[in-house]
Amino acid sequence: MSDIGLKELFAQLDSSKFSVSFKDDLRCLELLSREKWKNGYECRKCGNTNYCQGKTPYSRRCTRCKHDESASAHTIFHRCKIPLHDAFRIAYEVCCSPDISSYELSRMLDTRQMTCWKFKKKISECVEKKSGLVVTEKFENLK
């Protein structure tokens, strides 16, 4: 679905531009929605291509089966336990400086080190495989 790699996504942004562009969860969801459905929407349950606005911001609801899909579903941010803008920050930092430690990310975001380590590992695997935002089942099961 998505052919833009994570590194390419964040390559154009310096740290201050990133902070302005992704300062809250809504801006992150907007980007996820735009990238996820840039080739058009297709319901994962019934295959329908018609949709209306879903219950949450930037989600889409199938007009046939009424299945609601969020912008973050089936992406590397699926079931993310930390705020989306913090997860975007971790992804940005890992893409720009892959050797950043989870301890440094933890201090930067005031988040548990293990949480940062797990998400950094997930992002690093996606970068290594040159995958984009939309991922395969293997990564969806990573928690």
# chains A, B, ... in the order shown; residues from 1 in each chain; ligands from 1

call {"tool": "select_by_dssp", "arguments": {"residues": "chain A", "states": "strand (DSSP E)", "output": "list in words"}}
result
Tyr51, Cys52, Gln53, Arg60, Arg61, Cys62, Asp68 and Glu69 of chain A

call {"tool": "write_last_selection", "arguments": {"atoms": "C-alpha atoms", "output": "PDB file, in the first residue's frame"}}
result
ATOM      1  CA  TYR A  51     -16.383   5.171   2.727  1.00  0.00           C
ATOM      2  CA  CYS A  52     -17.517   7.958   4.984  1.00  0.00           C
ATOM      3  CA  GLN A  53     -15.909   9.611   7.986  1.00  0.00           C
ATOM      4  CA  ARG A  60     -12.779   5.761   7.610  1.00  0.00           C
ATOM      5  CA  ARG A  61     -15.989   3.738   7.780  1.00  0.00           C
ATOM      6  CA  CYS A  62     -17.043   1.363   5.043  1.00  0.00           C
ATOM      7  CA  ASP A  68     -14.462   1.424  11.050  1.00  0.00           C
ATOM      8  CA  GLU A  69     -10.673   1.572  10.448  1.00  0.00           C
TER       9      GLU A  69
END

call {"tool": "residues_around", "arguments": {"residues": "Lys7 of chain A", "least_positions_apart": "3", "cutoff": "12 Å", "atoms": "only C-alpha atoms", "output": "list in words"}}
result
Asp3, Ile4, Phe10, Ala11, Gln12, Leu13, Ala91, Tyr92, Glu93, Val94, Cys95, Cys96, Ser97, Pro98, Ile123, Ser124, Cys126, Val127, Glu128, Lys129, Lys130, Ser131, Gly132 and Leu133 of chain A

call {"tool": "closest_residue", "arguments": {"among": "A:Asp86, A:Ala71, A:Thr49, A:Thr115", "to": "Lys23 of chain A", "atoms": "only C-alpha atoms"}}
result
A:Asp86

call {"tool": "closest_residue", "arguments": {"among": "A:His67, A:His85, A:His78, A:Arg112", "to": "Glu30 of chain A", "atoms": "only C-alpha atoms"}}
result
A:His85

call {"tool": "residues_around", "arguments": {"residues": "Cys116 of chain A", "least_positions_apart": "2", "cutoff": "7 Å", "atoms": "only C-alpha atoms", "output": "list in words"}}
result
Ser102, Leu105, Ser106, Arg112, Gln113, Met114, Lys118, Phe119 and Lys120 of chain A

call {"tool": "write_last_selection", "arguments": {"atoms": "N, CA and C atoms", "output": "CSV table (one decimal), in the first residue's frame"}}
result
chain,number,residue,atom,x,y,z
A,102,SER,N,18.1,3.8,23.8
A,102,SER,CA,16.8,3.8,24.4
A,102,SER,C,16.7,4.6,25.6
A,105,LEU,N,16.3,8.2,24.5
A,105,LEU,CA,14.9,8.4,24.1
A,105,LEU,C,14.0,8.5,25.3
A,106,SER,N,14.3,7.7,26.3
A,106,SER,CA,13.5,7.7,27.5
A,106,SER,C,13.6,9.0,28.2
A,112,ARG,N,9.2,5.3,29.9
A,112,ARG,CA,10.0,4.2,30.4
A,112,ARG,C,11.0,3.8,29.4
A,113,GLN,N,12.1,3.4,29.8
A,113,GLN,CA,13.2,3.0,28.9
A,113,GLN,C,12.8,1.7,28.1
A,114,MET,N,12.1,0.8,28.8
A,114,MET,CA,11.8,-0.5,28.1
A,114,MET,C,10.7,-0.2,27.0
A,118,LYS,N,11.5,-1.2,23.1
A,118,LYS,CA,10.6,-2.0,22.3
A,118,LYS,C,10.2,-1.3,21.0
A,119,PHE,N,9.8,0.0,21.1
A,119,PHE,CA,9.4,0.7,19.9
A,119,PHE,C,10.6,1.0,19.0
A,120,LYS,N,11.7,1.3,19.6
A,120,LYS,CA,12.9,1.5,18.8
A,120,LYS,C,13.3,0.3,18.0

call {"tool": "atom_distance", "arguments": {"atom1": "atom CA of Ser21 of chain A", "atom2": "atom CA of Leu9 of chain A"}}
result
12.2 Å

call {"tool": "atom_distance", "arguments": {"atom1": "atom CA of Glu35 of chain A", "atom2": "atom CA of Phe88 of chain A"}}
result
14.2 Å

call {"tool": "closest_residue", "arguments": {"among": "A:Gly40, A:Ile90, A:Ser19, A:Trp117", "to": "Phe77 of chain A", "atoms": "only C-alpha atoms"}}
result
A:Ile90

call {"tool": "atom_distance", "arguments": {"atom1": "atom CA of Tyr58 of chain A", "atom2": "atom CA of Ser70 of chain A"}}
result
6.8 Å

call {"tool": "select_by_dssp", "arguments": {"residues": "segment 11-121 of chain A", "states": "helix (DSSP H, G or I)", "output": "PyMOL selection string"}}
result
chain A and resi 11+15-21+25-36+84-96+102-109+113-121
